[in-house]
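Chemist: Contents of start.cif (mmCIF, C-alpha atoms (C1' of nucleotides) and all ligand atoms) are below:
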```cif
data_input
#
loop_
_atom_site.label_atom_id
_atom_site.label_comp_id
_atom_site.auth_asym_id
_atom_site.auth_seq_id
_atom_site.Cartn_x
_atom_site.Cartn_y
_atom_site.Cartn_z
CA MET Z 1 -6.94 -25.14 -9.08
CA VAL Z 2 -6.77 -21.70 -10.58
CA ASP Z 3 -8.49 -21.74 -13.92
CA ASN Z 4 -10.18 -19.20 -16.04
CA LEU Z 5 -12.50 -19.86 -18.93
CA THR Z 6 -11.20 -16.85 -20.84
CA VAL Z 7 -7.79 -18.48 -21.32
CA PRO Z 8 -7.27 -21.42 -23.68
CA SER Z 9 -5.78 -24.44 -21.95
CA PRO Z 10 -2.15 -25.20 -22.86
CA GLU Z 11 -3.14 -28.44 -24.63
CA THR Z 12 -5.50 -26.69 -27.05
CA GLU Z 13 -4.20 -26.49 -30.57
CA ILE Z 14 -3.17 -22.91 -31.36
CA PRO Z 15 -4.77 -21.93 -34.70
CA GLU Z 16 -3.09 -20.51 -37.82
CA GLU Z 17 -4.38 -17.07 -37.03
CA ILE Z 18 -5.79 -15.33 -33.92
CA SER Z 19 -7.68 -12.02 -34.08
CA GLY Z 20 -6.13 -11.26 -37.44
CA LEU Z 21 -2.58 -12.06 -36.33
CA ARG Z 22 -0.83 -14.78 -38.28
CA MET Z 23 0.63 -17.31 -35.86
CA THR Z 24 4.19 -17.82 -36.96
CA ARG Z 25 6.36 -20.49 -35.37
CA GLN Z 26 7.87 -17.92 -32.99
CA ARG Z 27 4.59 -16.25 -32.04
CA ARG Z 28 3.00 -19.64 -31.47
CA GLU Z 29 5.76 -20.80 -29.13
CA VAL Z 30 5.82 -17.50 -27.24
CA TYR Z 31 2.07 -17.73 -26.77
CA ARG Z 32 2.32 -21.40 -25.75
CA ILE Z 33 4.85 -20.46 -23.04
CA LEU Z 34 2.43 -17.88 -21.66
CA LEU Z 35 -0.41 -20.43 -21.59
CA GLN Z 36 1.79 -23.10 -20.01
CA ASP Z 37 2.80 -21.42 -16.74
CA ARG Z 38 0.53 -18.53 -15.95
CA ASP Z 39 3.06 -16.91 -13.69
CA HIS Z 40 3.36 -13.54 -15.45
CA PRO Z 41 6.86 -13.98 -16.86
CA THR Z 42 9.02 -11.13 -18.11
CA ALA Z 43 10.17 -10.94 -21.74
CA ASN Z 44 13.48 -12.38 -20.65
CA ASP Z 45 11.77 -15.23 -18.77
CA VAL Z 46 9.84 -16.04 -21.95
CA PHE Z 47 13.05 -15.86 -23.96
CA LEU Z 48 14.80 -18.39 -21.68
CA ARG Z 49 11.81 -20.76 -21.71
CA VAL Z 50 11.13 -20.62 -25.42
CA LYS Z 51 14.70 -21.58 -26.28
CA ASP Z 52 13.84 -25.24 -25.58
CA ALA Z 53 11.54 -25.29 -28.60
CA LEU Z 54 13.35 -22.67 -30.70
CA PRO Z 55 17.03 -22.61 -29.71
CA SER Z 56 17.92 -19.92 -32.24
CA ILE Z 57 15.21 -17.40 -31.34
CA SER Z 58 16.43 -13.94 -30.40
CA LEU Z 59 15.37 -11.71 -27.53
CA ALA Z 60 14.34 -9.06 -30.06
CA THR Z 61 11.97 -11.55 -31.65
CA VAL Z 62 10.46 -12.38 -28.27
CA TYR Z 63 9.83 -8.67 -27.78
CA ASN Z 64 8.39 -8.42 -31.29
CA CYS Z 65 6.10 -11.40 -30.72
CA LEU Z 66 4.91 -10.16 -27.34
CA GLU Z 67 4.20 -6.74 -28.81
CA ALA Z 68 2.22 -8.26 -31.70
CA LEU Z 69 0.23 -10.46 -29.30
CA VAL Z 70 -0.50 -7.50 -27.04
CA GLN Z 71 -1.52 -5.21 -29.90
CA HIS Z 72 -3.96 -7.81 -31.17
CA GLY Z 73 -5.53 -8.22 -27.74
CA ILE Z 74 -4.36 -11.82 -27.33
CA VAL Z 75 -2.07 -11.12 -24.39
CA ARG Z 76 -1.95 -8.46 -21.68
CA GLN Z 77 1.14 -6.52 -20.71
CA VAL Z 78 1.33 -5.91 -16.97
CA ASN Z 79 3.60 -3.40 -15.25
CA PHE Z 80 4.48 -3.34 -11.58
CA GLU Z 81 6.21 -0.21 -10.45
CA ARG Z 82 9.41 0.20 -12.46
CA GLU Z 83 10.03 -3.51 -12.93
CA SER Z 84 10.30 -5.29 -16.26
CA SER Z 85 6.96 -5.72 -17.99
CA ARG Z 86 5.24 -9.03 -17.42
CA PHE Z 87 2.87 -10.85 -19.72
CA CYS Z 88 -0.41 -12.56 -19.05
CA PRO Z 89 -2.62 -14.61 -21.42
CA ASN Z 90 -5.73 -13.72 -19.41
CA VAL Z 91 -7.30 -10.89 -21.40
CA ALA Z 92 -10.43 -10.72 -19.27
CA GLU Z 93 -10.60 -7.66 -17.05
CA HIS Z 94 -8.64 -8.46 -13.93
CA GLY Z 95 -6.20 -7.01 -11.43
CA HIS Z 96 -3.23 -8.50 -9.64
CA PHE Z 97 -2.28 -9.39 -6.10
CA HIS Z 98 1.46 -9.49 -5.58
CA ASP Z 99 2.47 -11.65 -2.63
CA ARG Z 100 5.51 -9.94 -1.14
CA SER Z 101 6.76 -13.01 0.74
CA THR Z 102 6.63 -15.51 -2.12
CA GLY Z 103 6.79 -13.16 -5.10
CA VAL Z 104 3.81 -14.96 -6.62
CA ILE Z 105 1.38 -12.85 -8.66
CA HIS Z 106 -2.29 -13.82 -8.46
CA ASP Z 107 -4.99 -12.71 -10.84
CA ILE Z 108 -7.92 -11.10 -9.05
CA THR Z 109 -11.35 -10.40 -10.50
CA PHE Z 110 -14.07 -7.94 -9.71
CA LYS Z 111 -17.16 -9.35 -8.05
CA PRO Z 112 -19.98 -9.65 -10.56
CA GLY Z 113 -22.30 -6.67 -10.79
CA VAL Z 114 -20.06 -4.12 -9.11
CA ASN Z 115 -19.72 -0.70 -10.63
CA LEU Z 116 -16.70 1.60 -10.35
CA SER Z 117 -18.81 4.43 -8.99
CA ASP Z 118 -19.98 2.12 -6.19
CA PHE Z 119 -16.66 2.50 -4.42
CA LEU Z 120 -14.82 5.40 -6.10
CA GLU Z 121 -15.32 9.16 -6.13
CA LEU Z 122 -14.82 9.72 -9.85
CA PRO Z 123 -14.46 13.14 -11.48
CA ALA Z 124 -17.82 14.27 -12.89
CA GLY Z 125 -18.38 12.97 -16.40
CA ALA Z 126 -15.51 10.48 -16.32
CA VAL Z 127 -15.84 7.67 -18.86
CA VAL Z 128 -13.49 4.87 -17.85
CA THR Z 129 -12.19 2.66 -20.65
CA ASP Z 130 -9.32 0.93 -18.89
CA ILE Z 131 -8.64 -0.21 -15.33
CA GLU Z 132 -5.32 -1.15 -13.81
CA LEU Z 133 -5.34 -2.50 -10.27
CA THR Z 134 -2.43 -3.89 -8.30
CA LEU Z 135 -2.53 -4.98 -4.68
CA ARG Z 136 0.50 -5.91 -2.66
CA GLY Z 137 0.60 -7.82 0.59
CA GLN Z 138 0.88 -11.36 1.90
CA LEU Z 139 -1.14 -14.54 1.85
CA GLY Z 140 -1.53 -15.86 5.37
CA SER Z 141 0.18 -13.15 7.41
CA ILE Z 142 2.91 -14.56 9.66
CA MET A 1 -11.42 23.71 -6.75
CA VAL A 2 -9.54 20.48 -6.11
CA ASP A 3 -8.15 20.51 -2.62
CA ASN A 4 -7.15 17.87 -0.20
CA LEU A 5 -6.63 18.35 3.50
CA THR A 6 -3.77 15.84 3.54
CA VAL A 7 -1.56 18.10 1.43
CA PRO A 8 -0.04 21.31 2.81
CA SER A 9 -0.96 24.39 0.78
CA PRO A 10 1.90 25.86 -1.29
CA GLU A 11 2.00 29.03 0.85
CA THR A 12 2.64 27.14 4.09
CA GLU A 13 6.18 27.52 5.40
CA ILE A 14 8.05 24.26 4.88
CA PRO A 15 9.69 23.33 8.20
CA GLU A 16 13.37 22.52 8.89
CA GLU A 17 12.57 18.84 9.10
CA ILE A 18 9.68 16.61 7.97
CA SER A 19 9.20 13.05 9.25
CA GLY A 20 12.86 12.90 10.25
CA LEU A 21 14.15 14.23 6.92
CA ARG A 22 16.19 17.40 7.11
CA MET A 23 14.86 19.89 4.58
CA THR A 24 17.89 21.10 2.68
CA ARG A 25 17.57 23.96 0.20
CA GLN A 26 17.26 21.50 -2.66
CA ARG A 27 14.76 19.21 -0.95
CA ARG A 28 12.68 22.18 0.11
CA GLU A 29 12.49 23.59 -3.42
CA VAL A 30 11.71 20.20 -4.96
CA TYR A 31 8.91 19.71 -2.44
CA ARG A 32 7.66 23.23 -3.03
CA ILE A 33 7.41 22.53 -6.78
CA LEU A 34 5.30 19.44 -6.06
CA LEU A 35 2.96 21.42 -3.80
CA GLN A 36 2.68 24.30 -6.27
CA ASP A 37 1.19 22.52 -9.30
CA ARG A 38 -0.29 19.21 -8.35
CA ASP A 39 -0.06 17.86 -11.86
CA HIS A 40 2.08 14.77 -11.18
CA PRO A 41 5.29 15.96 -12.86
CA THR A 42 8.13 13.68 -13.85
CA ALA A 43 11.61 14.03 -12.32
CA ASN A 44 12.65 15.94 -15.41
CA ASP A 45 9.62 18.24 -15.17
CA VAL A 46 10.61 18.99 -11.58
CA PHE A 47 14.20 19.57 -12.67
CA LEU A 48 13.14 22.14 -15.27
CA ARG A 49 10.80 23.94 -12.85
CA VAL A 50 13.17 24.01 -9.90
CA LYS A 51 15.91 25.68 -11.94
CA ASP A 52 14.15 29.04 -11.50
CA ALA A 53 14.92 28.97 -7.79
CA LEU A 54 18.13 26.93 -7.96
CA PRO A 55 19.77 27.40 -11.36
CA SER A 56 22.73 25.15 -10.58
CA ILE A 57 20.81 22.13 -9.32
CA SER A 58 21.56 18.85 -11.08
CA LEU A 59 19.14 16.22 -12.33
CA ALA A 60 20.86 13.66 -10.08
CA THR A 61 20.02 15.84 -7.09
CA VAL A 62 16.39 16.07 -8.15
CA TYR A 63 16.33 12.27 -8.27
CA ASN A 64 18.06 12.13 -4.87
CA CYS A 65 15.61 14.59 -3.33
CA LEU A 66 12.57 12.84 -4.76
CA GLU A 67 13.86 9.50 -3.49
CA ALA A 68 14.44 10.92 -0.01
CA LEU A 69 10.97 12.49 0.05
CA VAL A 70 9.37 9.23 -1.11
CA GLN A 71 11.28 7.09 1.38
CA HIS A 72 10.18 9.32 4.24
CA GLY A 73 6.54 9.12 3.18
CA ILE A 74 6.33 12.81 2.28
CA VAL A 75 5.72 12.25 -1.42
CA ARG A 76 4.27 9.41 -3.49
CA GLN A 77 5.88 7.98 -6.59
CA VAL A 78 3.33 7.08 -9.25
CA ASN A 79 3.96 4.89 -12.26
CA PHE A 80 1.81 4.66 -15.37
CA GLU A 81 2.66 1.80 -17.67
CA ARG A 82 6.28 2.17 -18.79
CA GLU A 83 6.34 5.97 -18.61
CA SER A 84 8.69 8.00 -16.45
CA SER A 85 7.74 8.00 -12.79
CA ARG A 86 5.60 10.89 -11.63
CA PHE A 87 5.46 12.45 -8.19
CA CYS A 88 2.53 13.47 -6.05
CA PRO A 89 2.49 15.29 -2.69
CA ASN A 90 -0.82 13.67 -1.76
CA VAL A 91 0.19 10.80 0.51
CA ALA A 92 -3.36 9.87 1.42
CA GLU A 93 -4.54 6.62 -0.17
CA HIS A 94 -5.77 7.48 -3.62
CA GLY A 95 -5.80 6.30 -7.20
CA HIS A 96 -5.53 8.13 -10.50
CA PHE A 97 -7.74 8.86 -13.45
CA HIS A 98 -5.75 9.59 -16.58
CA ASP A 99 -7.71 11.65 -19.11
CA ARG A 100 -6.56 10.39 -22.50
CA SER A 101 -7.74 13.45 -24.44
CA THR A 102 -6.15 16.14 -22.25
CA GLY A 103 -3.38 14.16 -20.57
CA VAL A 104 -4.49 15.48 -17.20
CA ILE A 105 -4.13 13.16 -14.23
CA HIS A 106 -6.81 13.42 -11.55
CA ASP A 107 -6.55 12.03 -8.04
CA ILE A 108 -9.45 9.76 -7.16
CA THR A 109 -10.44 8.56 -3.70
CA PHE A 110 -12.30 5.56 -2.40
CA LYS A 111 -15.76 6.21 -1.08
CA PRO A 112 -15.75 6.19 2.72
CA GLY A 113 -16.49 2.86 4.34
CA VAL A 114 -15.83 0.64 1.35
CA ASN A 115 -13.83 -2.52 1.80
CA LEU A 116 -11.70 -4.22 -0.84
CA SER A 117 -13.53 -7.50 -0.39
CA ASP A 118 -16.79 -5.71 -1.18
CA PHE A 119 -15.93 -5.61 -4.84
CA LEU A 120 -12.95 -7.94 -5.37
CA GLU A 121 -12.54 -11.70 -5.32
CA LEU A 122 -9.35 -11.85 -3.27
CA PRO A 123 -7.27 -15.01 -2.77
CA ALA A 124 -8.16 -16.64 0.57
CA GLY A 125 -6.11 -15.17 3.41
CA ALA A 126 -4.82 -12.20 1.43
CA VAL A 127 -3.66 -9.32 3.61
CA VAL A 128 -3.44 -6.20 1.44
CA THR A 129 -0.94 -3.57 2.51
CA ASP A 130 -0.75 -1.47 -0.63
CA ILE A 131 -3.19 -0.51 -3.39
CA GLU A 132 -2.38 0.90 -6.79
CA LEU A 133 -5.28 1.91 -9.00
CA THR A 134 -5.16 3.66 -12.35
CA LEU A 135 -8.13 4.37 -14.58
CA ARG A 136 -7.87 5.66 -18.09
CA GLY A 137 -10.57 7.27 -20.16
CA GLN A 138 -12.04 10.65 -20.95
CA LEU A 139 -13.92 13.39 -19.14
CA GLY A 140 -17.06 14.27 -21.01
CA SER A 141 -17.12 11.80 -23.92
CA ILE A 142 -17.35 13.59 -27.27
"C1'" DC U 1 9.04 -19.85 -60.06
"C1'" DC U 2 9.15 -14.98 -59.13
"C1'" DA U 3 8.19 -10.90 -56.92
"C1'" DA U 4 6.24 -8.68 -53.09
"C1'" DT U 5 5.62 -8.71 -48.34
"C1'" DA U 6 6.18 -10.11 -43.72
"C1'" DT U 7 8.98 -11.71 -40.23
"C1'" DC U 8 13.22 -12.66 -37.87
"C1'" DA U 9 17.97 -12.03 -35.97
"C1'" DA U 10 21.94 -9.46 -34.33
"C1'" DG U 11 23.57 -5.81 -32.55
"C1'" DA U 12 23.41 -0.74 -32.01
"C1'" DA U 13 20.87 2.91 -30.02
"C1'" DC U 14 17.95 4.94 -26.74
"C1'" DT U 15 16.28 6.62 -22.25
"C1'" DA U 16 15.06 6.66 -17.55
"C1'" DT U 17 17.34 5.79 -13.61
"C1'" DT U 18 21.18 4.60 -10.55
"C1'" DC U 19 25.92 4.61 -9.33
"C1'" DT U 20 30.61 6.60 -8.50
"C1'" DA U 21 33.69 9.71 -6.99
"C1'" DA U 22 35.04 14.20 -6.08
"C1'" DA U 23 33.55 18.80 -4.41
"C1'" DT U 24 30.69 21.48 -1.38
"C1'" DT U 25 27.93 22.43 2.48
"C1'" DG U 26 26.52 22.96 7.21
"C1'" DG U 27 26.89 21.95 11.64
"C1'" DT U 28 30.02 20.75 15.68
"C1'" DT U 29 34.24 20.66 18.28
"C1'" DT U 30 38.47 22.49 19.52
"C1'" DA Y 1 37.60 31.54 14.18
"C1'" DA Y 2 39.79 27.31 12.36
"C1'" DA Y 3 39.58 22.57 11.88
"C1'" DC Y 4 36.85 18.71 11.51
"C1'" DC Y 5 33.22 15.55 10.14
"C1'" DA Y 6 29.20 13.72 8.14
"C1'" DA Y 7 25.73 14.60 4.92
"C1'" DT Y 8 24.64 16.30 0.65
"C1'" DT Y 9 25.30 17.77 -4.00
"C1'" DT Y 10 27.25 17.52 -8.50
"C1'" DA Y 11 28.82 15.76 -13.07
"C1'" DG Y 12 29.37 12.25 -15.62
"C1'" DA Y 13 29.73 7.20 -16.25
"C1'" DA Y 14 27.26 3.02 -15.95
"C1'" DT Y 15 23.17 0.16 -16.14
"C1'" DA Y 16 19.09 -2.21 -17.79
"C1'" DG Y 17 14.98 -2.72 -20.20
"C1'" DT Y 18 13.31 -1.81 -24.39
"C1'" DT Y 19 13.20 -0.15 -29.16
"C1'" DC Y 20 15.30 0.63 -33.53
"C1'" DT Y 21 17.99 -0.44 -37.75
"C1'" DT Y 22 19.49 -3.28 -41.13
"C1'" DG Y 23 20.23 -7.19 -43.68
"C1'" DA Y 24 18.84 -12.10 -43.94
"C1'" DT Y 25 15.10 -15.41 -44.23
"C1'" DA Y 26 10.55 -17.06 -44.82
"C1'" DT Y 27 5.92 -16.90 -46.61
"C1'" DT Y 28 2.34 -15.56 -49.72
"C1'" DG Y 29 0.06 -14.99 -53.92
"C1'" DG Y 30 0.26 -14.28 -58.84
MN MN Z 201 10.49 -13.52 -13.53
MN MN Z 202 5.27 15.90 -17.92
ZN ZN Z 203 -2.85 -11.47 -14.95
ZN ZN Z 204 -1.87 11.59 -7.02
#
```
Could you spell out this file's structure in structure tokens?
Ligand SMILES: [Mn+2]
Ligand SMILES: [Mn+2]
Ligand SMILES: [Zn+2]
Ligand SMILES: [Zn+2]
Modeler:
Amino acid sequence: MVDNLTVPSPETEIPEEISGLRMTRQRREVYRILLQDRDHPTANDVFLRVKDALPSISLATVYNCLEALVQHGIVRQVNFERESSRFCPNVAEHGHFHDRSTGVIHDITFKPGVNLSDFLELPAGAVVTDIELTLRGQLGSI
Amino acid sequence: MVDNLTVPSPETEIPEEISGLRMTRQRREVYRILLQDRDHPTANDVFLRVKDALPSISLATVYNCLEALVQHGIVRQVNFERESSRFCPNVAEHGHFHDRSTGVIHDITFKPGVNLSDFLELPAGAVVTDIELTLRGQLGSI
DNA sequence: CCAATATCAAGAACTATTCTAAATTGGTTT
DNA sequence: AAACCAATTTAGAATAGTTCTTGATATTGG
């Protein structure tokens, strides 16, 4: 039961406007797809899924919507190596664990109270505003 | 004075073969460029710099050489967001701090003795084989 | 209702990277 | 040395994800 209080549940009504971004039909459906299966889909994945609700939507519009959602801090864009970007409705600070055997991507959080300088040798005077952490491996090593 | 014992100094003679990879003229010069300025250049940066020594080298060859060096564990490929890949001769485990004001990329290391599970809530049974960590911010906040 | 503005759709353009195929190289065998 | 062979290099074409351009459509507010 993976659940995170910083993400609205899929059943919640999506309002007219979020963080100053007007929720058009397309943006709403794109966002709903992200809330529905939190599996970090690519833009193309979202495009294929959103066609059920909006059969005439274009891939360009999916990109536009994702970009608008990201720029307003409603959605996070996640990059693994050189792969297609993936999108995540969890905007709380978190990293990712990529299970190599199943391909599943798990959100991981920092333990409460830990500080970057507790475990990293940072350059003197470094002020960190953004953290990106990706782990790769397996769950239950065979 | 940033220096790391896991990286050969630029003056060191590069041998005929490293980790089973024959050092051709092109591979040697590409590797030498990476050792010379440890500023995480892109493939194109390397291409431009290596032309001094090998004016007829092609960009495809630079990509080939970098790929060979990476696959033999001699060089690390580093990706930031959707930017061009960058290349780093430091193959010890390390992360990166990207200074937003200067654009400079600093290697950062984990403090000795720290364990991932000390500061992360990992999924049960996760076996981590690879870590990618990027911090962004500024040095000396103005 | 009209005008201004925002958004969307379709396809072209862009760019980093990879692929293809032919030429070159370097080492090995005759 | 000459012929041979495999590995490497080269140039340019192809690819794929993403962004851009442009005209159509929708929404807002007066
Ligand atoms: Mn996918
Ligand atoms: Mn550069
Ligand atoms: Zn996530
Ligand atoms: Zn590095």
Chemist: With chain A as the partner and 10 Å as the cut-off, tabulate the residues of chain U that qualify, each row holding the nearest pair of atoms and their distance in Å to one decimal, using all atoms listed in the file, sorted by chain and rising number, as CSV.
Modeler:
```
residue,atom,partner,partner_atom,distance
U:DT15,C1',A:Ser84,CA,9.7
U:DA16,C1',A:Ser84,CA,6.6
U:DT17,C1',A:Tyr63,CA,8.5
U:DT18,C1',A:Ala60,CA,9.1
U:DG26,C1',A:Thr24,CA,9.9
```
Chemist: Quick one: of A:Pro15, A:Pro55, A:Gly20, A:Gly103, who's nearest to ligand MN 202 (chain Z), counting only C-alpha atoms and all ligand atoms?
Modeler: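 Among A:Pro15, A:Pro55, A:Gly20, A:Gly103, it is A:Gly103 that comes nearest to ligand MN 202 (chain Z).
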Chemist: For ligand ZN 204 (chain Z), return the neighbouring residues as a list in words (distance at most 6 Å; all atoms listed in the file).
Modeler: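 If we count all atoms listed in the file, the neighbours of ligand ZN 204 (chain Z) turn out to be Cys88, Asn90 and Asp107 of chain A.
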Chemist: Within 6 Å of ligand MN 202 (chain Z), counting only C-alpha atoms (C1' of nucleotides) and all ligand atoms: which residues, as a VMD selection string?
Modeler: chain A and resid 41 to 42 45
Chemist: Residues at most 12 Å from ligand ZN 203 (chain Z), using all atoms listed in the file? Could they come as a ChimeraX atom specification?
Modeler: /Z:2-4,6-7,34-35,37-41,75-80,85-98,104-109,132-134
Chemist: I need the chain Z residues near chain A as a PDB file with C-alpha atoms, in the frame of the given file; criterion: at most 7 Å, counting only C-alpha atoms.
Modeler:
```
ATOM      1  CA  ASN Z  79       3.600  -3.400 -15.250  1.00  0.00           C
ATOM      2  CA  GLU Z  81       6.210  -0.210 -10.450  1.00  0.00           C
ATOM      3  CA  ILE Z 108      -7.920 -11.100  -9.050  1.00  0.00           C
ATOM      4  CA  THR Z 109     -11.350 -10.400 -10.500  1.00  0.00           C
ATOM      5  CA  PHE Z 110     -14.070  -7.940  -9.710  1.00  0.00           C
ATOM      6  CA  LYS Z 111     -17.160  -9.350  -8.050  1.00  0.00           C
ATOM      7  CA  VAL Z 114     -20.060  -4.120  -9.110  1.00  0.00           C
ATOM      8  CA  PHE Z 119     -16.660   2.500  -4.420  1.00  0.00           C
ATOM      9  CA  LEU Z 120     -14.820   5.400  -6.100  1.00  0.00           C
ATOM     10  CA  GLU Z 121     -15.320   9.160  -6.130  1.00  0.00           C
ATOM     11  CA  LEU Z 122     -14.820   9.720  -9.850  1.00  0.00           C
ATOM     12  CA  GLY Z 125     -18.380  12.970 -16.400  1.00  0.00           C
ATOM     13  CA  ALA Z 126     -15.510  10.480 -16.320  1.00  0.00           C
ATOM     14  CA  VAL Z 127     -15.840   7.670 -18.860  1.00  0.00           C
ATOM     15  CA  VAL Z 128     -13.490   4.870 -17.850  1.00  0.00           C
ATOM     16  CA  THR Z 129     -12.190   2.660 -20.650  1.00  0.00           C
ATOM     17  CA  ASP Z 130      -9.320   0.930 -18.890  1.00  0.00           C
ATOM     18  CA  ILE Z 131      -8.640  -0.210 -15.330  1.00  0.00           C
ATOM     19  CA  GLU Z 132      -5.320  -1.150 -13.810  1.00  0.00           C
ATOM     20  CA  LEU Z 133      -5.340  -2.500 -10.270  1.00  0.00           C
ATOM     21  CA  THR Z 134      -2.430  -3.890  -8.300  1.00  0.00           C
ATOM     22  CA  LEU Z 135      -2.530  -4.980  -4.680  1.00  0.00           C
ATOM     23  CA  ARG Z 136       0.500  -5.910  -2.660  1.00  0.00           C
ATOM     24  CA  GLY Z 137       0.600  -7.820   0.590  1.00  0.00           C
ATOM     25  CA  GLN Z 138       0.880 -11.360   1.900  1.00  0.00           C
ATOM     26  CA  LEU Z 139      -1.140 -14.540   1.850  1.00  0.00           C
ATOM     27  CA  GLY Z 140      -1.530 -15.860   5.370  1.00  0.00           C
ATOM     28  CA  SER Z 141       0.180 -13.150   7.410  1.00  0.00           C
TER      29      SER Z 141
END
```
Chemist: Go ahead and compute the interatomic distance for atom CA of Ile14 of chain A and atom CA of Glu29 of chain A, in Å to one decimal.
Modeler: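 Between atom CA of Ile14 of chain A and atom CA of Glu29 of chain A the gap is 9.4 Å.
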Chemist: Just want the 10 Å neighbourhood of DT20 of chain U, counted on only C-alpha atoms (C1' of nucleotides), with same-chain residues fewer than 2 positions away dropped. Output as a PyMOL selection string.
Modeler: (chain U and resi 18+22) or (chain Y and resi 12-14)
Chemist: Taking only C-alpha atoms (C1' of nucleotides) into account, what are the residues of chain Y at most 10 Å from chain A, put as a PyMOL selection string?
Modeler: chain Y and resi 8-11+18
